[in-house]
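What follows is one structure encoded as structure tokens, with my remarks underneath.
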Amino acid sequence: MKNLIIVLALVAPFKLISNNIDVSAVSTQGIDASAGTDNPANFTHVEFDINWDNSWRSSTGSSNWDAAWVFVKYKIEGGTGCTAGDWQHATLSATDAHHSVQTDNGVVPDFAAAADGTGVFIYRNADGNGSIDWDQIRLRWNYGADGLLDACEVTIKVFAIEMVYVPQSDFFLGAGGTEPGEFEDATSGSPILISSDGSLTLGGGGAGSLGNNNATGQSGGADDFNDASSQTLPAAYPLGWDAFYCMKYEITNEQYAEFLNTLTAAQQAVRASTTTAGNYHGNSATPVARAGLKCQIAPSGSVAGVYGCDLDEDDTYNEVGSDGLGIALCAISWPDLTGYLDWAGLRPFSETEFEKACRGNQLPVVNEYAWGTSSVHATTYTALTNSGGESELPNSPSASASAGNAVYGTTHSSGPLRVGIFATASSTRVIAGASYYGIMELTGNVWEDAVGLGTVAGRSYTGIHGDGSLNSLGHADEDYWPGINGNNNASTANLVYGGTTGVTGRAGAGFTGGTYNSTAWLRVANRQYSVWTGLTNRDVRNGGRGVRTAP
């Protein structure tokens, strides 16, 4: 296989204090055609270097690690018998041993390949912390399985997303407070212990049932169960007891730009909020809510456009010091979020996985935030140093042992900040605003979408992963995802994809975690909008992240 062009494309190529995963030196290394010319069993190796700082693995305490979720896209450029085409998702070997590193620089990696071939998790083999610097990582690409011939000439892009492993464990739902719709053990007002991923009785008040504060205080709709009436949560719903990986950070402006840059013009027309050259995300002439995502070259006919970041409005794109590449993306819709997650081989998290990701296996604290205390920094971050840059920092973050840092209506209401902004190599969980497992900004910054269990539509979700591609119209097309087949009726189950209309509704999805321009909804147990299907537009408060069930 000849590779006439090798394009280096990264999910996060910029250098940040706590989010600096970097991929470089991308190439392919030979082909194995021992099965025969143009045989579907033929493969090559995609080689690259990868590094990031502040990595860890611990077998005590949280008993977890951080990882890189790596996946590959390719585009046929030509070659004998080959037809040039659009970007496609590469099928990587599902066998862990088929992936390797040539130079580990003192830190041995482990590889956990996805069974469906969409990507590979790469992480530390043993306990430790510090920088990762792996040279000549080699991932086996089963190009024959993707229908490519040996003579095809291709361009490849390698993407890496920082993830955090959330181990299998018992955990609690609810915190013993009075948040809207807060989970509880029956009607006791106490947290409920989840000790398996099996089915649950929701409501009704019986012993062992999952209560919800009698659905008190919920807005935009309420759970269809309460103290007097019950429903059954199927065992297939991803409750969170089993292990999963969660994105360490919310989706950034740069990550979404890279996503758009692998779509067709028709797909860009629905997944981008502007197709006008020079306009910003939201189809504005200037950045709104610090969203520096911008249409650099407009799509034209069947020719895809080009997107980048230009927060400083100087028409020079993707400057690491000023263009807001690492700022959490806001103003995306549920179809936008699910489109990104499907493309990346991830999936939406459930609202119970959200609580597990925040609290871990620890005893709940009444009115707690993601960092495990009931106190949050309550004065304005007066100014930003290096605004929009790789080292963007607030001038006056909390250094308190109990009041965690978060971006919300009191501290910074003009837009989200750089992901991981409060974390350093020495910061505490509270100062970093981190979850028990080291996941950032689960409280504040942008509102995140989660699949709720309070509706028929939400309970039909089974946690199927994205397969790396969208339908031709630019929509996610995974079975049972909220809003599939255009479903906007929370009382109707989401079904198998019908082949035409993908995720264009949002039945079954809600909101969690709070947002930069409000002082509400920040606490872990708050379920005020867990079943709200009414917000279907690109609301300026909304962002998101994804998860993947552990291999």
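Each chain of the structure tokens is named A, B, ... in the order shown, its residues numbered from 1; ligands are numbered from 1 in display order.
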
Item to check | All helix (DSSP H, G or I) residues (DSSP, backbone) inside region 158-330 of chain A, as an MDAnalysis selection string | outcome: chainID A and resid 213:215 253:260 265:271

Next on the checklist: Using DSSP secondary structure from the backbone, list all strand (DSSP E) positions within region 388-549 of chain A, as an NGL selection string.
Outcome noted: :A and (393-394 or 403-404 or 448-451 or 509-512 or 547-549)

Item to check | Residues near region 329-342 of chain A, cut-off 6 Å, only C-alpha atoms, skip fewer than 4 positions along chain, as a count of residues only | outcome: 20

Checklist entry - Hey, what's within 12 Å of Gly420 (chain A) if we count only C-alpha atoms and toss same-chain stuff fewer than 6 positions away? As a ChimeraX atom specification, please? => result /A:15-20,54,162,247-252,326-328,390-394,405-407,427,429,431-435,438-445

Each region 139-185 of chain A residue no farther than 8 Å from region 189-209 of chain A, nearest pair in Å, only C-alpha atoms, as CSV:
residue,atom,partner,partner_atom,distance
A:Ser169,CA,A:Ser195,CA,7.3
A:Asp170,CA,A:Ser195,CA,4.6
A:Phe171,CA,A:Ile194,CA,5.3
A:Phe172,CA,A:Leu193,CA,4.5
A:Leu173,CA,A:Ile192,CA,5.4
A:Gly174,CA,A:Pro191,CA,4.7
A:Ala175,CA,A:Pro191,CA,5.3
A:Gly176,CA,A:Ser190,CA,4.6
A:Gly177,CA,A:Gly189,CA,7.1
A:Thr178,CA,A:Gly189,CA,7.9
A:Phe183,CA,A:Pro191,CA,6.8
A:Glu184,CA,A:Pro191,CA,4.8
A:Asp185,CA,A:Ile192,CA,4.4

Item to check | Coordinates-based distance that separates CA of Gly345 (chain A) from CA of Ala113 (chain A) (Å, one decimal) | outcome: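 We find that CA of Ala113 (chain A) and CA of Gly345 (chain A) lie 12.1 Å from each other.
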
Next on the checklist: My list of candidates is A:Val456, A:Val70, A:Val270, A:Leu325. Which is closest to Leu293 (chain A) when distances are computed with only C-alpha atoms?
Outcome noted: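 Using only C-alpha atoms, the shortest distance to Leu293 (chain A) belongs to A:Leu325.
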
Item to check | Non-local contacts of Arg506 (chain A) (12 Å; only C-alpha atoms; under 3 positions in same chain excluded) as an NGL selection string | outcome: :A and (333-338 or 348 or 449-452 or 455 or 457-458 or 461 or 476 or 480-494 or 502-503 or 509-511 or 530-537)

Export, as a compact mmCIF listing (two decimals), in the first residue's frame, the selected residues with N, CA and C atoms.
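Just written: out-v7.txt:
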# COMPACT_ATOMS: atom_id res chain seq x y z
N SER A 333 -26.24 21.36 19.91
CA SER A 333 -27.50 20.67 20.16
C SER A 333 -27.23 19.20 20.48
N TRP A 334 -28.27 18.49 20.91
CA TRP A 334 -28.14 17.05 21.12
C TRP A 334 -27.74 16.34 19.83
N PRO A 335 -28.33 16.64 18.67
CA PRO A 335 -27.85 16.01 17.43
C PRO A 335 -26.39 16.33 17.12
N ASP A 336 -25.92 17.53 17.47
CA ASP A 336 -24.49 17.84 17.28
C ASP A 336 -23.62 16.96 18.17
N LEU A 337 -24.00 16.89 19.46
CA LEU A 337 -23.21 16.09 20.41
C LEU A 337 -23.18 14.63 19.99
N THR A 338 -24.33 14.07 19.67
CA THR A 338 -24.36 12.66 19.31
C THR A 338 -23.65 12.41 17.99
N PRO A 348 -23.17 8.57 24.46
CA PRO A 348 -23.58 9.44 25.56
C PRO A 348 -23.53 8.71 26.89
N ASP A 449 -25.25 16.92 28.42
CA ASP A 449 -26.42 16.08 28.17
C ASP A 449 -26.17 14.68 28.71
N ALA A 450 -27.18 14.13 29.36
CA ALA A 450 -27.12 12.76 29.87
C ALA A 450 -28.42 12.06 29.54
N VAL A 451 -28.36 10.75 29.37
CA VAL A 451 -29.56 9.97 29.09
C VAL A 451 -30.27 9.66 30.40
N GLY A 452 -31.47 10.16 30.56
CA GLY A 452 -32.22 9.99 31.80
C GLY A 452 -32.94 8.66 31.86
N THR A 455 -38.02 8.38 31.75
CA THR A 455 -38.99 8.30 30.66
C THR A 455 -38.83 6.98 29.93
N ALA A 457 -38.51 6.73 26.76
CA ALA A 457 -37.47 6.95 25.76
C ALA A 457 -36.07 6.77 26.36
N GLY A 458 -35.84 7.33 27.54
CA GLY A 458 -34.54 7.20 28.16
C GLY A 458 -34.22 5.77 28.56
N TYR A 461 -32.55 3.16 26.14
CA TYR A 461 -31.13 3.29 25.78
C TYR A 461 -30.35 2.08 26.29
N ALA A 476 -26.10 11.15 13.72
CA ALA A 476 -25.80 9.88 14.39
C ALA A 476 -26.90 8.89 14.04
N TYR A 480 -31.29 2.86 19.35
CA TYR A 480 -31.78 3.16 20.70
C TYR A 480 -31.20 4.44 21.31
N TRP A 481 -30.40 5.19 20.54
CA TRP A 481 -29.91 6.46 21.09
C TRP A 481 -31.08 7.44 21.19
N PRO A 482 -31.11 8.25 22.23
CA PRO A 482 -32.19 9.24 22.35
C PRO A 482 -32.33 10.12 21.11
N GLY A 483 -33.55 10.19 20.59
CA GLY A 483 -33.81 11.00 19.42
C GLY A 483 -33.64 10.30 18.10
N ILE A 484 -33.26 9.00 18.10
CA ILE A 484 -33.11 8.28 16.84
C ILE A 484 -34.45 8.24 16.11
N ASN A 485 -34.39 8.24 14.80
CA ASN A 485 -35.58 8.26 13.95
C ASN A 485 -36.44 9.51 14.19
N GLY A 486 -35.78 10.58 14.70
CA GLY A 486 -36.47 11.85 14.93
C GLY A 486 -37.37 11.87 16.15
N ASN A 487 -37.20 10.92 17.06
CA ASN A 487 -38.11 10.81 18.20
C ASN A 487 -37.98 11.99 19.16
N ASN A 488 -39.09 12.70 19.37
CA ASN A 488 -39.14 13.77 20.37
C ASN A 488 -40.23 13.53 21.41
N ASN A 489 -40.74 12.30 21.43
CA ASN A 489 -41.79 11.94 22.37
C ASN A 489 -41.20 11.09 23.49
N ALA A 490 -41.10 11.66 24.69
CA ALA A 490 -40.47 10.97 25.80
C ALA A 490 -41.22 9.71 26.22
N SER A 491 -42.47 9.59 25.83
CA SER A 491 -43.28 8.42 26.17
C SER A 491 -43.16 7.31 25.14
N THR A 492 -42.34 7.53 24.13
CA THR A 492 -42.14 6.54 23.07
C THR A 492 -40.71 6.04 23.11
N ALA A 493 -40.54 4.73 23.10
CA ALA A 493 -39.20 4.15 23.15
C ALA A 493 -38.40 4.50 21.90
N ASN A 494 -37.12 4.74 22.07
CA ASN A 494 -36.22 4.85 20.95
C ASN A 494 -35.93 3.45 20.43
N GLY A 502 -31.81 9.91 11.34
CA GLY A 502 -30.98 9.54 12.49
C GLY A 502 -31.42 10.26 13.74
N VAL A 503 -30.44 10.68 14.55
CA VAL A 503 -30.74 11.39 15.79
C VAL A 503 -31.00 12.86 15.45
N ALA A 509 -33.16 12.31 26.57
CA ALA A 509 -31.97 13.02 27.04
C ALA A 509 -32.37 14.18 27.95
N GLY A 510 -31.52 14.49 28.90
CA GLY A 510 -31.72 15.62 29.79
C GLY A 510 -30.42 16.37 29.98
N PHE A 511 -30.37 17.23 30.98
CA PHE A 511 -29.21 18.08 31.23
C PHE A 511 -28.71 17.90 32.66
N SER A 530 -33.61 16.57 34.12
CA SER A 530 -33.16 15.26 33.68
C SER A 530 -34.04 14.65 32.60
N VAL A 531 -35.26 15.16 32.42
CA VAL A 531 -36.15 14.61 31.40
C VAL A 531 -36.63 15.67 30.41
N TRP A 532 -35.99 16.82 30.38
CA TRP A 532 -36.45 17.93 29.55
C TRP A 532 -36.10 17.68 28.08
N THR A 533 -37.12 17.57 27.24
CA THR A 533 -36.90 17.41 25.80
C THR A 533 -37.19 18.69 25.03
N GLY A 534 -37.55 19.75 25.74
CA GLY A 534 -37.99 20.97 25.07
C GLY A 534 -36.87 21.80 24.47
N LEU A 535 -35.65 21.64 24.96
CA LEU A 535 -34.55 22.46 24.47
C LEU A 535 -33.87 21.73 23.32
N THR A 536 -34.31 21.99 22.11
CA THR A 536 -33.82 21.26 20.95
C THR A 536 -32.85 22.07 20.10
N ASN A 537 -32.67 23.34 20.41
CA ASN A 537 -31.81 24.18 19.58
C ASN A 537 -30.37 24.16 20.08

Item to check | Shortest interatomic distance to Ala25 (chain A) - which of A:Ala115, A:Ala67, A:Leu260, A:Ile156, counting only C-alpha atoms | outcome: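 Nearest candidate to Ala25 (chain A) out of A:Ala115, A:Ala67, A:Leu260, A:Ile156: A:Ile156.
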
Next on the checklist: If we count only C-alpha atoms and set the cut-off at 6 Å, which residues sit around region 72-86 of chain A, ignoring sequence neighbours fewer than 2 positions away in its own chain? Please answer as a ChimeraX atom specification.
Outcome noted: /A:88-90,151-158

Which region 316-383 of chain A residues have any atom within 9 Å of an atom of region 228-241 of chain A, and for each, what is the nearest pair of atoms with distance in Å to one decimal, counting only C-alpha atoms, rows sorted by chain and number, as a tab-separated table?
residue	atom	partner	partner_atom	distance
A:Phe349	CA	A:Pro238	CA	8.0
A:Ser350	CA	A:Pro238	CA	6.5
A:Glu351	CA	A:Leu239	CA	8.2
A:Thr352	CA	A:Leu239	CA	5.6
A:Glu353	CA	A:Gly240	CA	4.5
A:Phe354	CA	A:Gly240	CA	8.2
A:Glu355	CA	A:Gly240	CA	8.6
A:Lys356	CA	A:Gly240	CA	6.4
A:Ala357	CA	A:Gly240	CA	8.4

For the residues selected in the previous step, produce a file with C-alpha atoms as a PDB file, in the first residue's frame.
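To be explicit, this is the file written out as part-v7.pdb:
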ATOM      1  CA  PHE A 349     -23.380   8.794  29.289  1.00  0.00           C
ATOM      2  CA  SER A 350     -26.419   7.967  31.393  1.00  0.00           C
ATOM      3  CA  GLU A 351     -27.407  10.198  34.288  1.00  0.00           C
ATOM      4  CA  THR A 352     -26.407   7.443  36.713  1.00  0.00           C
ATOM      5  CA  GLU A 353     -22.990   7.091  35.068  1.00  0.00           C
ATOM      6  CA  PHE A 354     -22.642  10.844  35.566  1.00  0.00           C
ATOM      7  CA  GLU A 355     -23.157  10.475  39.337  1.00  0.00           C
ATOM      8  CA  LYS A 356     -20.717   7.546  39.451  1.00  0.00           C
ATOM      9  CA  ALA A 357     -18.128   9.572  37.493  1.00  0.00           C
TER      10      ALA A 357
END

Checklist entry - Thr216 (chain A): which residues within 8 Å, counting only C-alpha atoms, same-chain residues fewer than 4 positions away excluded, as an MDAnalysis selection string? => result chainID A and resid 180:181 212
